[in-house]
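Okay, so here's the structure we're looking at.
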Amino acid sequence: MRAYRLRIEFVWGHQSRIIGLSKTNPSYYYPPPTTILGALAEPLAKEYGLGENPTTTRMLLKTLSHNLLAIGIKPVNALPVKYMDINRIIAIGSRKKKKYPSPEDLGGSFDAPARGKTIMSPLRLDEPPIIDLVVLFKNNSISVNNIELDINDDVLWRIHRLGSKESIVSVIEVEQSNEIGVEQGLTVTGYSFPFTNSISVVEKISGRWAYEVYINPFQLTTEPLLYEYFSGKNLLTYMIPLKTSIYDDPLIKIRVNAPLIIYNVGFKAGQEKIIGVTPK
């Protein structure tokens, strides 16, 4: 097993929208775990020349997913603020043998729906909005199309967006750890975690905690994510921390039972408790 802690700066925020809601799709508080896997898949695909073939991309995401043991986000200097605004949309392509945009069909060529965005508002104004991300993998490498892909610091440093192409980020720290212990029972964490029947909340110690429903990042298939979401068969609720004051770090005491597990990961700054799945 190998764990990484990434400290990530946002330029302004991100657009990580709920898929399938055609026009007025809201954004999540934080980039979902599948979005983070996609952000990692991009530099991996470039490094090993996999290209942008949809079949290969879905296979890469599936392989990363099945190698994933835990993933969690903690706000450092960021309060996510969700909103929707009007955006002009231009249709480009062809439909019924007619090319778009078309002066003969202005209504079908342009639209202006409300679309969701999330501003990452800094709580300390002398710093950009920052989050910490901890991700834990079962193996240090994966195999896609008979090519061995190494997951390492260099690849993680090259993550440059979380969400749409406008959702630009900078990775400012990457720390690797092999000091990983496993346990179950009571623990206190400040990171987001999967909220299933295996988790019971004992006490919300500080900060705000909310719920978001994501596609299960541990069980991706090669089906399109739109199918995964609307089939409703592969969804996972996450409990997420919201930091409303620079002096108030979100903390929660929970009891963790099988099949979920607590990973106690040692980093330079101390131990981090991350909730994930049991290795298969």
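Here's how to read the names in the structure tokens: chain A, B, ... by the order shown, residue numbers from 1 in each chain, ligand numbers from 1 in the order shown.
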Using only C-alpha atoms, which residues sit within 8 Å of region 161-178 of chain A once same-chain residues fewer than 5 positions away are excluded, as an mmCIF file with C-alpha atoms, in the first residue's frame?
```cif
data_model
loop_
_atom_site.group_PDB
_atom_site.id
_atom_site.type_symbol
_atom_site.label_atom_id
_atom_site.label_comp_id
_atom_site.auth_asym_id
_atom_site.auth_seq_id
_atom_site.Cartn_x
_atom_site.Cartn_y
_atom_site.Cartn_z
ATOM 1 C CA MET A 1 0.000 0.000 0.000
ATOM 2 C CA ARG A 2 1.067 3.568 -0.646
ATOM 3 C CA ALA A 3 -0.587 6.804 0.477
ATOM 4 C CA TYR A 4 -0.170 10.360 -0.775
ATOM 5 C CA ARG A 5 -1.087 13.697 0.726
ATOM 6 C CA LEU A 6 -1.575 16.509 -1.770
ATOM 7 C CA ARG A 7 -1.986 20.160 -0.869
ATOM 8 C CA ILE A 8 -3.920 21.839 -3.669
ATOM 9 C CA GLU A 9 -4.518 25.524 -4.473
ATOM 10 C CA PHE A 10 -7.549 26.642 -6.487
ATOM 11 C CA VAL A 11 -7.401 29.606 -8.840
ATOM 12 C CA TRP A 12 -11.052 30.480 -8.192
ATOM 13 C CA GLY A 13 -13.019 27.288 -7.597
ATOM 14 C CA HIS A 14 -14.351 24.472 -9.738
ATOM 15 C CA GLN A 15 -17.190 23.195 -11.888
ATOM 16 C CA SER A 16 -17.930 19.601 -10.912
ATOM 17 C CA PRO A 31 -14.680 17.744 -6.685
ATOM 18 C CA THR A 35 -13.310 13.663 -10.714
ATOM 19 C CA ILE A 36 -10.084 13.312 -8.723
ATOM 20 C CA ALA A 39 -7.538 14.333 -12.844
ATOM 21 C CA ASP A 153 4.936 11.714 -7.017
ATOM 22 C CA LEU A 156 0.620 13.663 -8.987
ATOM 23 C CA VAL A 265 -1.354 7.076 7.739
ATOM 24 C CA GLY A 266 1.846 8.672 8.990
ATOM 25 C CA PHE A 267 2.994 11.924 7.378
#
```
Skip Leu251 (chain A) itself and residues of its chain fewer than 3 positions away, then list as a PDB file with C-alpha atoms, in the first residue's frame all residues within 8 Å of it, counting only C-alpha atoms.
```
ATOM      1  CA  VAL A 188     -11.772  11.094  14.960  1.00  0.00           C
ATOM      2  CA  THR A 189     -11.207  12.468  11.461  1.00  0.00           C
ATOM      3  CA  GLY A 190     -11.303  15.784   9.636  1.00  0.00           C
ATOM      4  CA  LYS A 204     -19.798  16.206  15.489  1.00  0.00           C
ATOM      5  CA  ILE A 205     -16.971  17.863  17.386  1.00  0.00           C
ATOM      6  CA  SER A 206     -16.454  21.018  15.321  1.00  0.00           C
ATOM      7  CA  GLY A 207     -17.165  22.628  11.968  1.00  0.00           C
ATOM      8  CA  PRO A 241     -16.342  18.755   6.148  1.00  0.00           C
TER       9      PRO A 241
END
```
Skip Lys138 (chain A) itself and residues of its chain fewer than 3 positions away, then list as a short mmCIF file (atom, residue, chain, number, x, y, z; two decimals) with all heavy atoms, in the first residue's frame all residues within 12 Å of it, counting only C-alpha atoms.
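Now in result-v6.cif:
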```cif
data_model
loop_
_atom_site.label_atom_id
_atom_site.label_comp_id
_atom_site.auth_asym_id
_atom_site.auth_seq_id
_atom_site.Cartn_x
_atom_site.Cartn_y
_atom_site.Cartn_z
N MET A 1 0.84 -1.20 0.00
CA MET A 1 0.00 0.00 0.00
C MET A 1 0.88 1.25 0.00
O MET A 1 1.96 1.25 0.57
CB MET A 1 -0.91 0.01 1.23
CG MET A 1 -2.01 -1.04 1.21
SD MET A 1 -3.18 -0.88 2.59
CE MET A 1 -2.12 -1.40 3.95
N ARG A 2 0.36 2.29 -0.62
CA ARG A 2 1.07 3.57 -0.65
C ARG A 2 0.04 4.70 -0.57
O ARG A 2 -0.97 4.68 -1.27
CB ARG A 2 1.89 3.69 -1.92
CG ARG A 2 2.71 4.98 -1.98
CD ARG A 2 3.48 5.09 -3.28
NE ARG A 2 4.56 4.11 -3.35
CZ ARG A 2 5.31 3.93 -4.44
NH1 ARG A 2 5.09 4.65 -5.53
NH2 ARG A 2 6.28 3.04 -4.43
N ALA A 3 0.31 5.67 0.29
CA ALA A 3 -0.59 6.80 0.48
C ALA A 3 0.11 8.09 0.06
O ALA A 3 1.34 8.21 0.15
CB ALA A 3 -1.04 6.90 1.92
N TYR A 4 -0.68 9.05 -0.39
CA TYR A 4 -0.17 10.36 -0.77
C TYR A 4 -1.04 11.44 -0.13
O TYR A 4 -2.27 11.31 -0.06
CB TYR A 4 -0.20 10.55 -2.29
CG TYR A 4 0.72 9.62 -3.05
CD1 TYR A 4 0.26 8.40 -3.52
CD2 TYR A 4 2.05 9.97 -3.29
CE1 TYR A 4 1.11 7.55 -4.22
CE2 TYR A 4 2.90 9.12 -3.98
CZ TYR A 4 2.42 7.91 -4.45
OH TYR A 4 3.25 7.07 -5.13
N THR A 63 -9.55 0.73 -13.73
CA THR A 63 -8.38 0.12 -13.10
C THR A 63 -7.91 0.95 -11.91
O THR A 63 -7.55 0.39 -10.86
CB THR A 63 -7.24 -0.03 -14.13
OG1 THR A 63 -7.74 -0.71 -15.29
CG2 THR A 63 -6.09 -0.84 -13.57
N LEU A 64 -7.89 2.27 -12.05
CA LEU A 64 -7.56 3.14 -10.92
C LEU A 64 -8.55 2.94 -9.77
O LEU A 64 -8.17 2.87 -8.60
CB LEU A 64 -7.57 4.60 -11.35
CG LEU A 64 -6.33 5.16 -12.05
CD1 LEU A 64 -6.61 6.55 -12.59
CD2 LEU A 64 -5.13 5.19 -11.10
N SER A 65 -9.83 2.84 -10.12
CA SER A 65 -10.88 2.67 -9.12
C SER A 65 -10.69 1.40 -8.31
O SER A 65 -10.80 1.41 -7.08
CB SER A 65 -12.25 2.66 -9.82
OG SER A 65 -13.26 2.18 -8.98
N HIS A 66 -10.39 0.30 -8.99
CA HIS A 66 -10.25 -0.97 -8.29
C HIS A 66 -8.94 -1.06 -7.51
O HIS A 66 -8.77 -1.96 -6.69
CB HIS A 66 -10.35 -2.12 -9.30
CG HIS A 66 -11.74 -2.26 -9.85
ND1 HIS A 66 -12.18 -3.37 -10.54
CD2 HIS A 66 -12.81 -1.42 -9.83
CE1 HIS A 66 -13.44 -3.22 -10.90
NE2 HIS A 66 -13.83 -2.03 -10.48
N ASN A 67 -8.03 -0.12 -7.76
CA ASN A 67 -6.79 -0.05 -6.99
C ASN A 67 -6.90 0.92 -5.81
O ASN A 67 -6.03 0.97 -4.96
CB ASN A 67 -5.64 0.40 -7.92
CG ASN A 67 -4.27 0.24 -7.28
OD1 ASN A 67 -4.00 -0.75 -6.60
ND2 ASN A 67 -3.40 1.23 -7.48
N LEU A 68 -7.99 1.67 -5.78
CA LEU A 68 -8.20 2.69 -4.75
C LEU A 68 -8.69 2.05 -3.45
O LEU A 68 -9.61 1.24 -3.45
CB LEU A 68 -9.22 3.72 -5.25
CG LEU A 68 -9.57 4.88 -4.31
CD1 LEU A 68 -8.39 5.82 -4.15
CD2 LEU A 68 -10.79 5.63 -4.85
N LEU A 69 -8.08 2.46 -2.34
CA LEU A 69 -8.51 1.98 -1.03
C LEU A 69 -9.19 3.07 -0.20
O LEU A 69 -10.09 2.78 0.58
CB LEU A 69 -7.32 1.42 -0.24
CG LEU A 69 -6.69 0.14 -0.79
CD1 LEU A 69 -5.49 -0.25 0.05
CD2 LEU A 69 -7.69 -1.00 -0.86
N ALA A 70 -8.75 4.31 -0.34
CA ALA A 70 -9.34 5.40 0.43
C ALA A 70 -9.05 6.72 -0.25
O ALA A 70 -8.01 6.89 -0.90
CB ALA A 70 -8.81 5.41 1.87
N ILE A 71 -9.98 7.67 -0.08
CA ILE A 71 -9.77 9.01 -0.63
C ILE A 71 -10.57 9.99 0.24
O ILE A 71 -11.72 9.71 0.59
CB ILE A 71 -10.18 9.08 -2.11
CG1 ILE A 71 -9.82 10.43 -2.73
CG2 ILE A 71 -11.67 8.78 -2.30
CD1 ILE A 71 -9.94 10.45 -4.25
N VAL A 135 -4.97 10.25 -0.61
CA VAL A 135 -5.43 9.14 -1.44
C VAL A 135 -4.53 7.95 -1.18
O VAL A 135 -3.32 8.09 -1.05
CB VAL A 135 -5.45 9.55 -2.94
CG1 VAL A 135 -4.09 9.99 -3.41
CG2 VAL A 135 -5.99 8.43 -3.82
N SER A 141 1.42 0.42 -8.82
CA SER A 141 1.28 0.53 -10.27
C SER A 141 0.03 -0.22 -10.71
O SER A 141 -0.50 -1.06 -9.97
CB SER A 141 2.51 -0.03 -10.99
OG SER A 141 2.66 -1.42 -10.71
N ILE A 142 -0.44 0.10 -11.91
CA ILE A 142 -1.60 -0.57 -12.50
C ILE A 142 -1.24 -0.96 -13.93
O ILE A 142 -0.29 -0.43 -14.51
CB ILE A 142 -2.85 0.33 -12.49
CG1 ILE A 142 -2.57 1.65 -13.22
CG2 ILE A 142 -3.32 0.60 -11.07
CD1 ILE A 142 -3.79 2.54 -13.37
N ILE A 151 2.18 4.76 -10.42
CA ILE A 151 1.58 5.90 -9.74
C ILE A 151 2.62 6.46 -8.78
O ILE A 151 3.01 5.81 -7.81
CB ILE A 151 0.31 5.47 -8.97
CG1 ILE A 151 -0.70 4.82 -9.92
CG2 ILE A 151 -0.32 6.67 -8.26
CD1 ILE A 151 -1.87 4.15 -9.20
N ASN A 178 4.48 5.25 3.37
CA ASN A 178 4.25 3.81 3.45
C ASN A 178 3.96 3.38 4.88
O ASN A 178 3.84 2.18 5.17
CB ASN A 178 5.46 3.04 2.91
CG ASN A 178 5.68 3.29 1.43
OD1 ASN A 178 4.74 3.26 0.65
ND2 ASN A 178 6.92 3.56 1.04
N ILE A 180 1.47 2.87 7.13
CA ILE A 180 0.02 2.74 7.08
C ILE A 180 -0.43 1.62 8.03
O ILE A 180 -0.01 0.47 7.88
CB ILE A 180 -0.46 2.43 5.65
CG1 ILE A 180 0.03 3.52 4.68
CG2 ILE A 180 -1.98 2.30 5.60
CD1 ILE A 180 -0.11 3.15 3.23
N PHE A 218 -14.92 3.33 -5.78
CA PHE A 218 -14.21 2.07 -5.57
C PHE A 218 -14.69 0.95 -6.50
O PHE A 218 -14.07 -0.10 -6.55
CB PHE A 218 -14.38 1.60 -4.12
CG PHE A 218 -13.97 2.62 -3.10
CD1 PHE A 218 -14.92 3.37 -2.41
CD2 PHE A 218 -12.63 2.86 -2.83
CE1 PHE A 218 -14.56 4.31 -1.47
CE2 PHE A 218 -12.24 3.80 -1.89
CZ PHE A 218 -13.21 4.53 -1.22
N TYR A 263 -7.76 3.78 7.99
CA TYR A 263 -6.33 3.76 7.65
C TYR A 263 -5.64 4.87 8.43
O TYR A 263 -6.00 6.04 8.33
CB TYR A 263 -6.14 3.96 6.14
CG TYR A 263 -6.58 2.77 5.33
CD1 TYR A 263 -7.83 2.75 4.73
CD2 TYR A 263 -5.75 1.66 5.18
CE1 TYR A 263 -8.26 1.65 3.99
CE2 TYR A 263 -6.16 0.55 4.45
CZ TYR A 263 -7.41 0.54 3.85
OH TYR A 263 -7.82 -0.55 3.13
N GLY A 276 -11.74 4.04 4.44
CA GLY A 276 -11.76 3.45 3.11
C GLY A 276 -12.27 2.02 3.15
O GLY A 276 -12.91 1.60 4.12
N VAL A 277 -12.00 1.30 2.08
CA VAL A 277 -12.49 -0.07 1.94
C VAL A 277 -11.37 -1.05 2.26
O VAL A 277 -10.18 -0.73 2.17
CB VAL A 277 -13.05 -0.32 0.53
CG1 VAL A 277 -14.24 0.57 0.25
CG2 VAL A 277 -11.96 -0.08 -0.55
N THR A 278 -11.75 -2.27 2.59
CA THR A 278 -10.79 -3.33 2.90
C THR A 278 -10.16 -3.85 1.62
O THR A 278 -10.88 -4.08 0.64
CB THR A 278 -11.49 -4.47 3.64
OG1 THR A 278 -12.15 -3.95 4.79
CG2 THR A 278 -10.49 -5.53 4.07
N PRO A 279 -8.85 -4.01 1.57
CA PRO A 279 -8.21 -4.56 0.34
C PRO A 279 -8.76 -5.95 0.02
O PRO A 279 -8.99 -6.77 0.90
CB PRO A 279 -6.72 -4.62 0.72
CG PRO A 279 -6.57 -3.71 1.88
CD PRO A 279 -7.87 -3.72 2.62
N LYS A 280 -8.93 -6.19 -1.29
CA LYS A 280 -9.42 -7.50 -1.74
C LYS A 280 -8.24 -8.30 -2.30
O LYS A 280 -7.32 -7.75 -2.85
CB LYS A 280 -10.50 -7.32 -2.80
CG LYS A 280 -11.76 -6.64 -2.26
CD LYS A 280 -12.80 -6.49 -3.34
CE LYS A 280 -14.06 -5.82 -2.81
NZ LYS A 280 -15.08 -5.64 -3.85
#
```
Considering only C-alpha atoms, return as a PyMOL selection string whatever protein or nucleic-acid residues lie within 12 Å of Leu60 (chain A), sequence-local ones (same chain, fewer than 3 positions apart) excluded.
chain A and resi 34+37-45+48+50-57+63-67+141-149+220-222
Take the residues from that selection and write them out as a PDB file, in the first residue's frame, keeping C-alpha atoms.
```pdb
ATOM      1  CA  THR A  34     -14.326  10.169  -9.555  1.00  0.00           C
ATOM      2  CA  LEU A  37      -9.412   9.917 -10.348  1.00  0.00           C
ATOM      3  CA  GLY A  38     -10.002  11.554 -13.744  1.00  0.00           C
ATOM      4  CA  ALA A  39      -7.538  14.333 -12.844  1.00  0.00           C
ATOM      5  CA  LEU A  40      -4.934  11.654 -12.079  1.00  0.00           C
ATOM      6  CA  ALA A  41      -5.792   9.631 -15.184  1.00  0.00           C
ATOM      7  CA  GLU A  42      -4.930  12.555 -17.488  1.00  0.00           C
ATOM      8  CA  PRO A  43      -1.186  12.844 -16.632  1.00  0.00           C
ATOM      9  CA  LEU A  44      -0.933   9.034 -16.488  1.00  0.00           C
ATOM     10  CA  ALA A  45      -2.372   8.747 -20.004  1.00  0.00           C
ATOM     11  CA  TYR A  48       2.445   6.454 -21.104  1.00  0.00           C
ATOM     12  CA  LEU A  50      -2.477   6.024 -23.989  1.00  0.00           C
ATOM     13  CA  GLY A  51      -4.226   8.766 -25.949  1.00  0.00           C
ATOM     14  CA  GLU A  52      -7.833   9.887 -25.513  1.00  0.00           C
ATOM     15  CA  ASN A  53      -9.709   6.870 -26.835  1.00  0.00           C
ATOM     16  CA  PRO A  54     -12.976   6.612 -24.810  1.00  0.00           C
ATOM     17  CA  THR A  55     -12.608   2.854 -24.332  1.00  0.00           C
ATOM     18  CA  THR A  56      -9.050   3.202 -23.040  1.00  0.00           C
ATOM     19  CA  THR A  57     -10.043   6.128 -20.802  1.00  0.00           C
ATOM     20  CA  THR A  63      -8.376   0.116 -13.104  1.00  0.00           C
ATOM     21  CA  LEU A  64      -7.563   3.140 -10.917  1.00  0.00           C
ATOM     22  CA  SER A  65     -10.879   2.672  -9.123  1.00  0.00           C
ATOM     23  CA  HIS A  66     -10.250  -0.973  -8.293  1.00  0.00           C
ATOM     24  CA  ASN A  67      -6.786  -0.047  -6.991  1.00  0.00           C
ATOM     25  CA  SER A 141       1.282   0.528 -10.270  1.00  0.00           C
ATOM     26  CA  ILE A 142      -1.598  -0.574 -12.497  1.00  0.00           C
ATOM     27  CA  SER A 143      -1.783  -2.325 -15.870  1.00  0.00           C
ATOM     28  CA  VAL A 144      -3.818  -0.965 -18.795  1.00  0.00           C
ATOM     29  CA  ASN A 145      -3.614  -2.433 -22.318  1.00  0.00           C
ATOM     30  CA  ASN A 146      -0.633  -4.530 -21.174  1.00  0.00           C
ATOM     31  CA  ILE A 147       1.231  -1.337 -20.188  1.00  0.00           C
ATOM     32  CA  GLU A 148       2.482  -0.977 -16.623  1.00  0.00           C
ATOM     33  CA  LEU A 149       1.639   2.491 -15.236  1.00  0.00           C
ATOM     34  CA  LEU A 220     -16.233   1.912 -11.398  1.00  0.00           C
ATOM     35  CA  THR A 221     -16.995  -0.136 -14.491  1.00  0.00           C
ATOM     36  CA  THR A 222     -16.361   0.606 -18.160  1.00  0.00           C
TER      37      THR A 222
END
```
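Using only C-alpha atoms, the smallest distance between any of A:Leu125, A:Val76, A:Ile252, A:Val155 and Glu203 (chain A) comes from A:Ile252.
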So which residues of region 48-237 of chain A fall under alpha helix (DSSP H) by DSSP, listed as an MDAnalysis selection string?
chainID A and resid 54:67 106:109 153:157 225:231
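Our summary of the geometry notes that CA of Leu235 (chain A) is positioned 6.6 Å from CA of Val213 (chain A).
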Would you mind listing what lies within 12 Å of Leu242 (chain A) as an MDAnalysis selection string, with only C-alpha atoms counted and same-chain residues fewer than 6 positions away left out?
chainID A and resid 29:30 73:81 120:121 123 131 190:192 204 206:211 248:252
Dump of N, CA and C atoms for the selected residues, as a PDB file, in the first residue's frame:
```
ATOM      1  N   TYR A  29     -19.964  20.587  -3.647  1.00  0.00           N
ATOM      2  CA  TYR A  29     -19.109  21.393  -2.779  1.00  0.00           C
ATOM      3  C   TYR A  29     -17.635  21.182  -3.134  1.00  0.00           C
ATOM      4  N   TYR A  30     -17.231  19.921  -3.216  1.00  0.00           N
ATOM      5  CA  TYR A  30     -15.852  19.580  -3.557  1.00  0.00           C
ATOM      6  C   TYR A  30     -15.854  18.688  -4.801  1.00  0.00           C
ATOM      7  N   ILE A  73     -10.984  14.413   1.475  1.00  0.00           N
ATOM      8  CA  ILE A  73     -10.658  15.834   1.317  1.00  0.00           C
ATOM      9  C   ILE A  73     -10.856  16.542   2.648  1.00  0.00           C
ATOM     10  N   LYS A  74      -9.939  17.472   2.954  1.00  0.00           N
ATOM     11  CA  LYS A  74     -10.053  18.308   4.149  1.00  0.00           C
ATOM     12  C   LYS A  74      -9.782  19.754   3.758  1.00  0.00           C
ATOM     13  N   PRO A  75     -10.667  20.699   4.101  1.00  0.00           N
ATOM     14  CA  PRO A  75     -10.402  22.111   3.797  1.00  0.00           C
ATOM     15  C   PRO A  75      -9.311  22.671   4.701  1.00  0.00           C
ATOM     16  N   VAL A  76      -8.394  23.429   4.118  1.00  0.00           N
ATOM     17  CA  VAL A  76      -7.330  24.091   4.877  1.00  0.00           C
ATOM     18  C   VAL A  76      -7.604  25.579   4.969  1.00  0.00           C
ATOM     19  N   ASN A  77      -7.885  26.185   3.828  1.00  0.00           N
ATOM     20  CA  ASN A  77      -8.216  27.611   3.787  1.00  0.00           C
ATOM     21  C   ASN A  77      -9.257  27.831   2.697  1.00  0.00           C
ATOM     22  N   ALA A  78     -10.370  27.123   2.813  1.00  0.00           N
ATOM     23  CA  ALA A  78     -11.368  27.189   1.748  1.00  0.00           C
ATOM     24  C   ALA A  78     -12.758  26.925   2.300  1.00  0.00           C
ATOM     25  N   LEU A  79     -13.683  27.792   1.934  1.00  0.00           N
ATOM     26  CA  LEU A  79     -15.107  27.577   2.183  1.00  0.00           C
ATOM     27  C   LEU A  79     -15.803  27.486   0.835  1.00  0.00           C
ATOM     28  N   PRO A  80     -16.310  26.312   0.445  1.00  0.00           N
ATOM     29  CA  PRO A  80     -16.970  26.184  -0.847  1.00  0.00           C
ATOM     30  C   PRO A  80     -18.346  26.855  -0.849  1.00  0.00           C
ATOM     31  N   VAL A  81     -18.577  27.683  -1.849  1.00  0.00           N
ATOM     32  CA  VAL A  81     -19.853  28.390  -1.991  1.00  0.00           C
ATOM     33  C   VAL A  81     -20.442  28.018  -3.350  1.00  0.00           C
ATOM     34  N   MET A 120     -14.352  28.567  -4.352  1.00  0.00           N
ATOM     35  CA  MET A 120     -13.604  28.193  -3.150  1.00  0.00           C
ATOM     36  C   MET A 120     -13.127  29.489  -2.513  1.00  0.00           C
ATOM     37  N   SER A 121     -13.877  29.951  -1.544  1.00  0.00           N
ATOM     38  CA  SER A 121     -13.593  31.242  -0.920  1.00  0.00           C
ATOM     39  C   SER A 121     -12.551  31.075   0.186  1.00  0.00           C
ATOM     40  N   LEU A 123     -10.592  31.635   3.589  1.00  0.00           N
ATOM     41  CA  LEU A 123     -10.929  32.156   4.909  1.00  0.00           C
ATOM     42  C   LEU A 123      -9.829  33.077   5.429  1.00  0.00           C
ATOM     43  N   ILE A 131      -6.998  23.094  -0.183  1.00  0.00           N
ATOM     44  CA  ILE A 131      -7.511  21.881   0.445  1.00  0.00           C
ATOM     45  C   ILE A 131      -6.381  20.860   0.544  1.00  0.00           C
ATOM     46  N   GLY A 190     -10.906  14.504  10.215  1.00  0.00           N
ATOM     47  CA  GLY A 190     -11.303  15.784   9.636  1.00  0.00           C
ATOM     48  C   GLY A 190     -11.476  15.693   8.138  1.00  0.00           C
ATOM     49  N   TYR A 191     -11.383  14.470   7.593  1.00  0.00           N
ATOM     50  CA  TYR A 191     -11.475  14.245   6.142  1.00  0.00           C
ATOM     51  C   TYR A 191     -12.858  13.717   5.762  1.00  0.00           C
ATOM     52  N   SER A 192     -13.246  13.966   4.532  1.00  0.00           N
ATOM     53  CA  SER A 192     -14.489  13.397   4.014  1.00  0.00           C
ATOM     54  C   SER A 192     -14.383  11.873   4.006  1.00  0.00           C
ATOM     55  N   LYS A 204     -20.363  15.200  16.385  1.00  0.00           N
ATOM     56  CA  LYS A 204     -19.798  16.206  15.489  1.00  0.00           C
ATOM     57  C   LYS A 204     -19.077  17.214  16.377  1.00  0.00           C
ATOM     58  N   SER A 206     -16.605  19.622  15.743  1.00  0.00           N
ATOM     59  CA  SER A 206     -16.454  21.018  15.321  1.00  0.00           C
ATOM     60  C   SER A 206     -16.702  21.129  13.824  1.00  0.00           C
ATOM     61  N   GLY A 207     -16.922  22.379  13.377  1.00  0.00           N
ATOM     62  CA  GLY A 207     -17.165  22.628  11.968  1.00  0.00           C
ATOM     63  C   GLY A 207     -18.545  22.156  11.528  1.00  0.00           C
ATOM     64  N   ARG A 208     -18.830  22.372  10.276  1.00  0.00           N
ATOM     65  CA  ARG A 208     -20.079  21.889   9.678  1.00  0.00           C
ATOM     66  C   ARG A 208     -19.794  20.636   8.866  1.00  0.00           C
ATOM     67  N   TRP A 209     -20.768  19.739   8.813  1.00  0.00           N
ATOM     68  CA  TRP A 209     -20.658  18.526   8.015  1.00  0.00           C
ATOM     69  C   TRP A 209     -21.909  18.400   7.154  1.00  0.00           C
ATOM     70  N   ALA A 210     -21.711  18.051   5.887  1.00  0.00           N
ATOM     71  CA  ALA A 210     -22.822  17.924   4.947  1.00  0.00           C
ATOM     72  C   ALA A 210     -22.720  16.588   4.225  1.00  0.00           C
ATOM     73  N   TYR A 211     -23.717  16.307   3.402  1.00  0.00           N
ATOM     74  CA  TYR A 211     -23.765  15.050   2.666  1.00  0.00           C
ATOM     75  C   TYR A 211     -23.816  15.326   1.170  1.00  0.00           C
ATOM     76  N   ASP A 248     -11.382  27.108  13.179  1.00  0.00           N
ATOM     77  CA  ASP A 248     -12.273  26.002  13.542  1.00  0.00           C
ATOM     78  C   ASP A 248     -12.162  24.882  12.510  1.00  0.00           C
ATOM     79  N   ASP A 249     -11.283  23.918  12.764  1.00  0.00           N
ATOM     80  CA  ASP A 249     -11.129  22.789  11.853  1.00  0.00           C
ATOM     81  C   ASP A 249     -12.249  21.781  12.079  1.00  0.00           C
ATOM     82  N   PRO A 250     -12.930  21.352  11.011  1.00  0.00           N
ATOM     83  CA  PRO A 250     -13.991  20.356  11.175  1.00  0.00           C
ATOM     84  C   PRO A 250     -13.429  19.028  11.687  1.00  0.00           C
ATOM     85  N   LEU A 251     -14.054  18.493  12.723  1.00  0.00           N
ATOM     86  CA  LEU A 251     -13.683  17.197  13.288  1.00  0.00           C
ATOM     87  C   LEU A 251     -14.947  16.438  13.639  1.00  0.00           C
ATOM     88  N   ILE A 252     -14.900  15.126  13.466  1.00  0.00           N
ATOM     89  CA  ILE A 252     -16.064  14.299  13.770  1.00  0.00           C
ATOM     90  C   ILE A 252     -15.591  12.977  14.362  1.00  0.00           C
TER      91      ILE A 252
END
```
Quick one: DSSP strand (DSSP E) residues in region 28-259 of chain A, as a PyMOL selection string?
chain A and resi 68-75+79-86+89-90+93-95+98-100+110-111+114-121+130-137+141-144+147-150+169-177+180-183+185-189+193-194+199-206+208-215+235-242+251-256
